[in-house]
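Peer 1: Take a look at the following structure, please.
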Amino acid sequence: MFYLDRAATTPVRREVLEAMWPYLTGTFGNPSSTHEVGDAAARGLAAARSVVAGALGARPGEVVFTSGGTEGANTAVKGIALAAPRGRHVVTSAIEHDAVLASCRYLERHHGFSLTVLPVTPDGTVTPEALRAALRPDTTLVSVAHADNEIGTVQDVRALAEVAHAVGARFHTDAVQSAPWSPVGLDVLGVDAVSVSGHKLGATKGTGALAVRAGVALEPLLHGGGQERGRRSGTEDVAGAVGLAAAWGSLLAGRDAAAAQATAVREIVVAGVLARVPGAVLTGSRDRRLPGHASFCFPGVHGETVLLELERRDVVSSSGSACAAGSTEASHVLTALGLPEDVARSAVRLTFDETLSGDDADQVVDAVVTAVATVRALA
């Protein structure tokens, strides 16, 4: 079986499980407890924080452990906007993950913020010019993802952040999808906050981190015990944090080579599908794209039906974000590209890592060609 849904989740790495095990058994203490059992857990948490901070180009004190990408995005968007707003205007893009869009709309609905949703180009790019035109003297926050999970387009976040900073606005980026493939540090991207999710990196579900640059105020979403320097109350998941750190350590050791291999295989898949499936449309940017990401629309068929045919041929994939699976509505990301709703409903997303070989890619292309042809014949 070919598992081609890694944008949804990845298998847990063995080294992650091995790193977590001691903190699920002998070193089980509450890291806030003031005795040796708690101290041992606290030392493990501190070591994990240092590793994650290094991966995010931050200092340990700038890292907040979260339950994943959704919490990280909610904390960044709501927390930065509410903590010390210079105004009541926030900006995001039309293709953001729902965690960001819903957070912005929450600020609009319940806290009197105004919201600007930026359009994108047909390949899913947010341009600096569009952002510059949207900014106002009261803009307090801009949130644009580094890479989109549905179409794979990678944004020039550094250029966008420079535009935002020129008027004094803060900038957050959701780097959940890009973190496995490229550096996502605060300084590398030039942002004030960056959020990531563990289960996209080979760590366990329910883990993640948010790096917030020192000096950026953050209103917490959770109140209580004051953990995470008051920014995220609740007893920390020490084993999860240790696993996240282990995943980063394993990932960083071979990330460049993995990205190069996945990019080469992606090109085989993209070229093969476009050449052999009549009418196939590549969604997202052809050049500025995540390495292991190939997404298409096949006009005239329903994407979910193609997925069923692919699974019959041992290819497991998806039509887009797992968070929206089962929805009868067309993807907001694909319609933002200007695609008609019926075409957007024909989407198929193939996401993989460096373990997919060139020969595997040829088999995947064969399966896609046959699956689409089968569905079209039935239609």
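So you can find residues: chains in the structure tokens are A, B, ... in the order shown, residues in each start at 1, and ligands are numbered from 1 in order.
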Can you pull out every residue within 8 Å of range 278-284 of chain A, counting only C-alpha atoms, but drop anything in the same chain fewer than 2 positions away, and send it as an mmCIF file with N, CA, C and O atoms, in the first residue's frame?
Peer 2:
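Okay, this is what ended up in around-v4.cif:
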data_model
loop_
_atom_site.group_PDB
_atom_site.id
_atom_site.type_symbol
_atom_site.label_atom_id
_atom_site.label_comp_id
_atom_site.auth_asym_id
_atom_site.auth_seq_id
_atom_site.Cartn_x
_atom_site.Cartn_y
_atom_site.Cartn_z
ATOM 1 N N PRO A 122 -4.096 32.871 -9.035
ATOM 2 C CA PRO A 122 -4.612 31.545 -9.407
ATOM 3 C C PRO A 122 -3.753 30.374 -8.941
ATOM 4 O O PRO A 122 -4.255 29.241 -8.879
ATOM 5 N N ASP A 123 -2.484 30.605 -8.618
ATOM 6 C CA ASP A 123 -1.661 29.507 -8.098
ATOM 7 C C ASP A 123 -1.559 29.542 -6.571
ATOM 8 O O ASP A 123 -0.784 28.810 -5.975
ATOM 9 N N GLY A 124 -2.354 30.417 -5.930
ATOM 10 C CA GLY A 124 -2.408 30.435 -4.476
ATOM 11 C C GLY A 124 -1.388 31.319 -3.810
ATOM 12 O O GLY A 124 -1.114 31.143 -2.611
ATOM 13 N N ILE A 151 -2.980 22.794 -1.444
ATOM 14 C CA ILE A 151 -2.399 22.987 -2.778
ATOM 15 C C ILE A 151 -0.869 23.041 -2.761
ATOM 16 O O ILE A 151 -0.250 23.075 -3.815
ATOM 17 N N GLY A 152 -0.274 23.067 -1.587
ATOM 18 C CA GLY A 152 1.186 22.981 -1.500
ATOM 19 C C GLY A 152 1.953 24.243 -1.808
ATOM 20 O O GLY A 152 3.192 24.248 -1.737
ATOM 21 N N THR A 153 1.280 25.341 -2.138
ATOM 22 C CA THR A 153 1.983 26.576 -2.472
ATOM 23 C C THR A 153 2.726 27.135 -1.262
ATOM 24 O O THR A 153 2.164 27.241 -0.174
ATOM 25 N N VAL A 270 3.673 14.715 -10.890
ATOM 26 C CA VAL A 270 2.998 15.846 -11.539
ATOM 27 C C VAL A 270 3.055 15.715 -13.061
ATOM 28 O O VAL A 270 2.034 15.831 -13.757
ATOM 29 N N VAL A 273 0.851 12.645 -14.326
ATOM 30 C CA VAL A 273 -0.604 12.840 -14.264
ATOM 31 C C VAL A 273 -1.052 13.864 -15.304
ATOM 32 O O VAL A 273 -2.041 13.649 -16.022
ATOM 33 N N LEU A 274 -0.333 14.966 -15.414
ATOM 34 C CA LEU A 274 -0.733 15.996 -16.381
ATOM 35 C C LEU A 274 -0.646 15.487 -17.821
ATOM 36 O O LEU A 274 -1.444 15.872 -18.673
ATOM 37 N N ALA A 275 0.318 14.611 -18.083
ATOM 38 C CA ALA A 275 0.493 14.105 -19.447
ATOM 39 C C ALA A 275 -0.514 13.021 -19.805
ATOM 40 O O ALA A 275 -0.909 12.905 -20.965
ATOM 41 N N ARG A 276 -0.946 12.263 -18.803
ATOM 42 C CA ARG A 276 -1.718 11.063 -19.113
ATOM 43 C C ARG A 276 -3.196 11.121 -18.730
ATOM 44 O O ARG A 276 -3.966 10.249 -19.146
ATOM 45 N N ARG A 286 3.464 25.592 -9.488
ATOM 46 C CA ARG A 286 4.316 24.516 -10.016
ATOM 47 C C ARG A 286 5.720 24.619 -9.435
ATOM 48 O O ARG A 286 6.369 23.590 -9.201
ATOM 49 N N ARG A 289 6.513 25.176 -4.318
ATOM 50 C CA ARG A 289 5.622 24.113 -3.872
ATOM 51 C C ARG A 289 6.328 23.223 -2.857
ATOM 52 O O ARG A 289 7.542 23.014 -2.933
ATOM 53 N N ALA A 294 1.567 16.849 -4.420
ATOM 54 C CA ALA A 294 1.024 16.924 -5.772
ATOM 55 C C ALA A 294 -0.495 16.922 -5.658
ATOM 56 O O ALA A 294 -1.078 15.959 -5.152
ATOM 57 N N SER A 295 -1.140 17.994 -6.089
ATOM 58 C CA SER A 295 -2.595 18.107 -5.943
ATOM 59 C C SER A 295 -3.216 18.464 -7.286
ATOM 60 O O SER A 295 -2.685 19.289 -8.029
ATOM 61 N N PHE A 296 -4.352 17.842 -7.570
ATOM 62 C CA PHE A 296 -4.975 17.980 -8.878
ATOM 63 C C PHE A 296 -6.485 18.135 -8.763
ATOM 64 O O PHE A 296 -7.088 17.742 -7.769
ATOM 65 N N CYS A 297 -7.069 18.677 -9.814
ATOM 66 C CA CYS A 297 -8.501 18.578 -10.026
ATOM 67 C C CYS A 297 -8.716 17.840 -11.341
ATOM 68 O O CYS A 297 -7.948 18.013 -12.295
ATOM 69 N N PHE A 298 -9.763 17.011 -11.353
ATOM 70 C CA PHE A 298 -10.101 16.231 -12.541
ATOM 71 C C PHE A 298 -11.536 16.570 -12.934
ATOM 72 O O PHE A 298 -12.486 15.894 -12.513
ATOM 73 N N PRO A 299 -11.716 17.636 -13.696
ATOM 74 C CA PRO A 299 -13.065 18.083 -14.048
ATOM 75 C C PRO A 299 -13.914 16.957 -14.627
ATOM 76 O O PRO A 299 -13.448 16.136 -15.424
ATOM 77 N N LEU A 334 -9.690 26.053 -2.817
ATOM 78 C CA LEU A 334 -9.759 25.884 -4.267
ATOM 79 C C LEU A 334 -10.663 26.921 -4.925
ATOM 80 O O LEU A 334 -10.363 27.424 -6.017
#
Peer 1: Residues at most 10 Å from range 237-254 of chain A, counting only C-alpha atoms, excluding those fewer than 5 positions away in the same chain, as a PyMOL selection string?
Peer 2: chain A and resi 12-25+27-31+41-56+65-67+179-183+197-209+259
Peer 1: Tell me, in Å to one decimal, how far CA of Val77 in chain A is from CA of Arg288 in chain A.
Peer 2: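 For CA of Val77 in chain A relative to CA of Arg288 in chain A, the distance reads 25.4 Å.
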Peer 1: Residues near range 301-311 of chain A, anyone? I mean within 9 Å using only C-alpha atoms, not counting same-chain ones fewer than 2 positions away, as an MDAnalysis selection string.
Peer 2: chainID A and resid 1 297:299 313:319 342:348 364 367:368 370:372 374:376 379
Peer 1: I'd like the interatomic distance between CA of Val63 in chain A and CA of Pro85 in chain A, to a tenth of an Å.
Peer 2: 21.3 Å
Peer 1: Quick one: distance from CA of Gly292 in chain A to CA of Ala145 in chain A in Å, one decimal?
Peer 2: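 Separation between CA of Gly292 in chain A and CA of Ala145 in chain A: 17.3 Å.
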Peer 1: Which polymer residues have any atom within 8 Å of an atom of range 97-111 of chain A, counting only C-alpha atoms, with same-chain residues fewer than 2 positions away left out, as a list in words?
Peer 2: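 Selected residues are Thr70, Glu71, Ala73, Asn74, Val77, Lys78, Val90, Thr92, Ile95, Phe113, Ser114, Leu115, Ser143, Ala145, Asp148 and Asn149 of chain A.
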Peer 1: Restricting the output to all heavy atoms, write the selected residues as a short mmCIF file (atom, residue, chain, number, x, y, z; two decimals), in the first residue's frame.
Peer 2:
data_model
loop_
_atom_site.label_atom_id
_atom_site.label_comp_id
_atom_site.auth_asym_id
_atom_site.auth_seq_id
_atom_site.Cartn_x
_atom_site.Cartn_y
_atom_site.Cartn_z
N THR A 70 -3.77 23.65 15.56
CA THR A 70 -4.97 24.44 15.80
C THR A 70 -4.82 25.32 17.02
O THR A 70 -5.14 26.53 16.99
CB THR A 70 -6.20 23.54 15.93
OG1 THR A 70 -6.44 22.89 14.67
CG2 THR A 70 -7.43 24.32 16.33
N GLU A 71 -4.35 24.75 18.11
CA GLU A 71 -4.16 25.56 19.31
C GLU A 71 -3.08 26.61 19.09
O GLU A 71 -3.21 27.76 19.54
CB GLU A 71 -3.80 24.69 20.51
CG GLU A 71 -3.74 25.52 21.79
CD GLU A 71 -3.21 24.77 23.00
OE1 GLU A 71 -3.17 23.52 22.97
OE2 GLU A 71 -2.84 25.44 23.98
N ALA A 73 -2.26 28.15 16.31
CA ALA A 73 -2.80 29.24 15.51
C ALA A 73 -3.77 30.09 16.30
O ALA A 73 -3.75 31.33 16.24
CB ALA A 73 -3.48 28.68 14.26
N ASN A 74 -4.66 29.46 17.06
CA ASN A 74 -5.61 30.19 17.89
C ASN A 74 -4.89 31.06 18.91
O ASN A 74 -5.25 32.23 19.12
CB ASN A 74 -6.54 29.23 18.62
CG ASN A 74 -7.76 28.85 17.82
OD1 ASN A 74 -8.85 29.36 18.07
ND2 ASN A 74 -7.59 27.96 16.85
N VAL A 77 -3.04 34.06 16.96
CA VAL A 77 -3.93 35.07 16.37
C VAL A 77 -4.70 35.82 17.46
O VAL A 77 -4.68 37.06 17.53
CB VAL A 77 -4.90 34.43 15.37
CG1 VAL A 77 -5.95 35.42 14.91
CG2 VAL A 77 -4.12 33.88 14.17
N LYS A 78 -5.38 35.08 18.32
CA LYS A 78 -6.16 35.73 19.37
C LYS A 78 -5.26 36.37 20.42
O LYS A 78 -5.50 37.49 20.88
CB LYS A 78 -7.09 34.72 20.03
CG LYS A 78 -8.13 34.11 19.11
CD LYS A 78 -8.89 33.01 19.84
CE LYS A 78 -9.83 32.26 18.91
NZ LYS A 78 -10.46 31.11 19.59
N VAL A 90 -7.22 43.11 11.69
CA VAL A 90 -6.38 41.96 11.42
C VAL A 90 -6.51 41.58 9.95
O VAL A 90 -7.53 41.84 9.31
CB VAL A 90 -6.74 40.75 12.32
CG1 VAL A 90 -6.40 41.04 13.77
CG2 VAL A 90 -8.20 40.38 12.18
N THR A 92 -5.63 38.43 7.03
CA THR A 92 -5.22 37.06 6.73
C THR A 92 -5.50 36.82 5.24
O THR A 92 -5.85 37.73 4.52
CB THR A 92 -5.95 36.05 7.64
OG1 THR A 92 -5.38 34.76 7.47
CG2 THR A 92 -7.44 35.98 7.33
N ILE A 95 -6.93 31.60 1.75
CA ILE A 95 -6.63 30.16 1.71
C ILE A 95 -6.07 29.64 3.02
O ILE A 95 -5.51 28.53 3.06
CB ILE A 95 -5.67 29.82 0.55
CG1 ILE A 95 -4.31 30.51 0.73
CG2 ILE A 95 -6.30 30.18 -0.79
CD1 ILE A 95 -3.25 30.03 -0.25
N PHE A 113 -13.08 43.63 16.19
CA PHE A 113 -12.03 43.82 15.19
C PHE A 113 -12.65 43.86 13.81
O PHE A 113 -13.71 43.28 13.55
CB PHE A 113 -11.02 42.66 15.25
CG PHE A 113 -10.03 42.75 16.37
CD1 PHE A 113 -10.41 42.47 17.68
CD2 PHE A 113 -8.71 43.09 16.11
CE1 PHE A 113 -9.50 42.54 18.71
CE2 PHE A 113 -7.79 43.16 17.14
CZ PHE A 113 -8.18 42.90 18.45
N SER A 114 -11.98 44.55 12.89
CA SER A 114 -12.33 44.44 11.48
C SER A 114 -11.34 43.49 10.83
O SER A 114 -10.18 43.39 11.26
CB SER A 114 -12.31 45.80 10.80
OG SER A 114 -11.03 46.40 10.90
N LEU A 115 -11.80 42.79 9.82
CA LEU A 115 -11.01 41.72 9.19
C LEU A 115 -10.90 41.96 7.71
O LEU A 115 -11.91 42.22 7.04
CB LEU A 115 -11.66 40.36 9.46
CG LEU A 115 -11.13 39.16 8.69
CD1 LEU A 115 -9.68 38.88 9.04
CD2 LEU A 115 -12.00 37.93 8.96
N SER A 143 -1.67 37.33 9.59
CA SER A 143 -1.38 35.89 9.71
C SER A 143 -1.55 35.24 8.34
O SER A 143 -2.65 35.20 7.79
CB SER A 143 -2.32 35.22 10.72
OG SER A 143 -2.01 33.85 10.86
N ALA A 145 -0.10 31.68 6.22
CA ALA A 145 0.62 30.41 6.35
C ALA A 145 1.85 30.37 5.45
O ALA A 145 1.84 30.92 4.34
CB ALA A 145 -0.30 29.24 6.01
N ASP A 148 0.50 26.02 2.10
CA ASP A 148 -0.89 25.58 2.18
C ASP A 148 -0.98 24.07 2.13
O ASP A 148 -0.35 23.41 1.30
CB ASP A 148 -1.69 26.18 1.04
CG ASP A 148 -3.16 25.85 1.16
OD1 ASP A 148 -3.87 26.54 1.92
OD2 ASP A 148 -3.60 24.86 0.52
N ASN A 149 -1.83 23.51 2.99
CA ASN A 149 -1.92 22.05 3.07
C ASN A 149 -2.65 21.44 1.88
O ASN A 149 -2.40 20.30 1.51
CB ASN A 149 -2.58 21.64 4.39
CG ASN A 149 -4.09 21.71 4.36
OD1 ASN A 149 -4.76 20.76 4.01
ND2 ASN A 149 -4.64 22.85 4.74
#
Peer 1: Nearest to Ala361 in chain A: which of A:Glu219, A:Glu341, A:Glu267, A:Glu329 is it, counting only C-alpha atoms?
Peer 2: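 Closest to Ala361 in chain A, using only C-alpha atoms: A:Glu267.
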Peer 1: Based on DSSP run over this structure's backbone, return all residues of range 130-324 of chain A in strand (DSSP E or B), as an MDAnalysis selection string.
Peer 2: chainID A and resid 139:143 147 153:154 170:174 193:197 208:212 281:282 289 293:297 315:316 318
Peer 1: Mind the document's chain letters and residue numbers, and return as a PyMOL selection string the residues of range 87-223 of chain A that DSSP labels helix (DSSP H, G or I).
Peer 2: chain A and resi 98-111+128-134+157-166+186-189+198-200
Peer 1: Which neighbours of Arg132 in chain A fall inside 9 Å, counting only C-alpha atoms, when residues of the same chain fewer than 4 positions from it are skipped, and could you give them as a count of residues only?
Peer 2: 6
Peer 1: Looking at only C-alpha atoms, which of A:Asp174, A:Glu236, A:Glu228, A:Asp192 is the one that sits closest to Val64 in chain A?
Peer 2: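 Going through A:Asp174, A:Glu236, A:Glu228, A:Asp192 one by one, the smallest distance to Val64 in chain A is for A:Glu228.
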Peer 1: Pick out the closest residue to Ser93 in chain A from this set: A:Gly300, A:Pro340, A:Pro119, A:Gly358. Count only C-alpha atoms.
Peer 2: A:Pro119
Peer 1: Write out as an NGL selection string which residues come within 8 Å of Arg6 in chain A when counting only C-alpha atoms, dropping same-chain ones fewer than 6 positions away.
Peer 2: :A and (200 or 351-353)
Peer 1: Just to be explicit: take each residue in the selection above, keep all heavy atoms, and write the result as a PDB file, in the first residue's frame.
Peer 2:
ATOM      1  N   LYS A 200       2.782  16.090  12.182  1.00  0.00           N
ATOM      2  CA  LYS A 200       3.245  16.236  10.801  1.00  0.00           C
ATOM      3  C   LYS A 200       4.747  15.961  10.690  1.00  0.00           C
ATOM      4  O   LYS A 200       5.286  15.921   9.581  1.00  0.00           O
ATOM      5  CB  LYS A 200       2.979  17.656  10.278  1.00  0.00           C
ATOM      6  CG  LYS A 200       1.608  18.208  10.572  1.00  0.00           C
ATOM      7  CD  LYS A 200       0.495  17.463   9.878  1.00  0.00           C
ATOM      8  CE  LYS A 200      -0.826  18.219  10.098  1.00  0.00           C
ATOM      9  NZ  LYS A 200      -1.958  17.586   9.434  1.00  0.00           N
ATOM     10  N   THR A 351       0.203  13.347  -1.015  1.00  0.00           N
ATOM     11  CA  THR A 351       1.308  13.898  -0.219  1.00  0.00           C
ATOM     12  C   THR A 351       2.126  12.755   0.354  1.00  0.00           C
ATOM     13  O   THR A 351       1.589  11.800   0.898  1.00  0.00           O
ATOM     14  CB  THR A 351       0.783  14.809   0.905  1.00  0.00           C
ATOM     15  OG1 THR A 351      -0.215  14.140   1.680  1.00  0.00           O
ATOM     16  CG2 THR A 351       0.178  16.083   0.319  1.00  0.00           C
ATOM     17  N   PHE A 352       3.441  12.871   0.228  1.00  0.00           N
ATOM     18  CA  PHE A 352       4.324  11.757   0.542  1.00  0.00           C
ATOM     19  C   PHE A 352       5.653  12.283   1.061  1.00  0.00           C
ATOM     20  O   PHE A 352       5.896  13.495   1.071  1.00  0.00           O
ATOM     21  CB  PHE A 352       4.541  10.890  -0.704  1.00  0.00           C
ATOM     22  CG  PHE A 352       4.767  11.700  -1.950  1.00  0.00           C
ATOM     23  CD1 PHE A 352       6.037  12.124  -2.318  1.00  0.00           C
ATOM     24  CD2 PHE A 352       3.694  12.069  -2.757  1.00  0.00           C
ATOM     25  CE1 PHE A 352       6.245  12.884  -3.461  1.00  0.00           C
ATOM     26  CE2 PHE A 352       3.895  12.835  -3.905  1.00  0.00           C
ATOM     27  CZ  PHE A 352       5.162  13.243  -4.254  1.00  0.00           C
ATOM     28  N   ASP A 353       6.522  11.360   1.479  1.00  0.00           N
ATOM     29  CA  ASP A 353       7.852  11.763   1.942  1.00  0.00           C
ATOM     30  C   ASP A 353       8.917  11.153   1.039  1.00  0.00           C
ATOM     31  O   ASP A 353       8.614  10.630  -0.042  1.00  0.00           O
ATOM     32  CB  ASP A 353       8.061  11.405   3.415  1.00  0.00           C
ATOM     33  CG  ASP A 353       8.117   9.895   3.659  1.00  0.00           C
ATOM     34  OD1 ASP A 353       8.073   9.110   2.681  1.00  0.00           O
ATOM     35  OD2 ASP A 353       8.211   9.501   4.833  1.00  0.00           O
TER      36      ASP A 353
END
Peer 1: Return the single residue from A:Ala193, A:Ala7, A:Val265, A:Leu131 that is closest to Arg213 in chain A, with distances computed using only C-alpha atoms.
Peer 2: A:Ala193
Peer 1: Of the residues A:Ala76, A:Val37, A:Ala336, A:Ala169, which is the one nearest to Asp138 in chain A, using only C-alpha atoms?
Peer 2: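 Distance minimum relative to Asp138 in chain A lands on A:Ala169.
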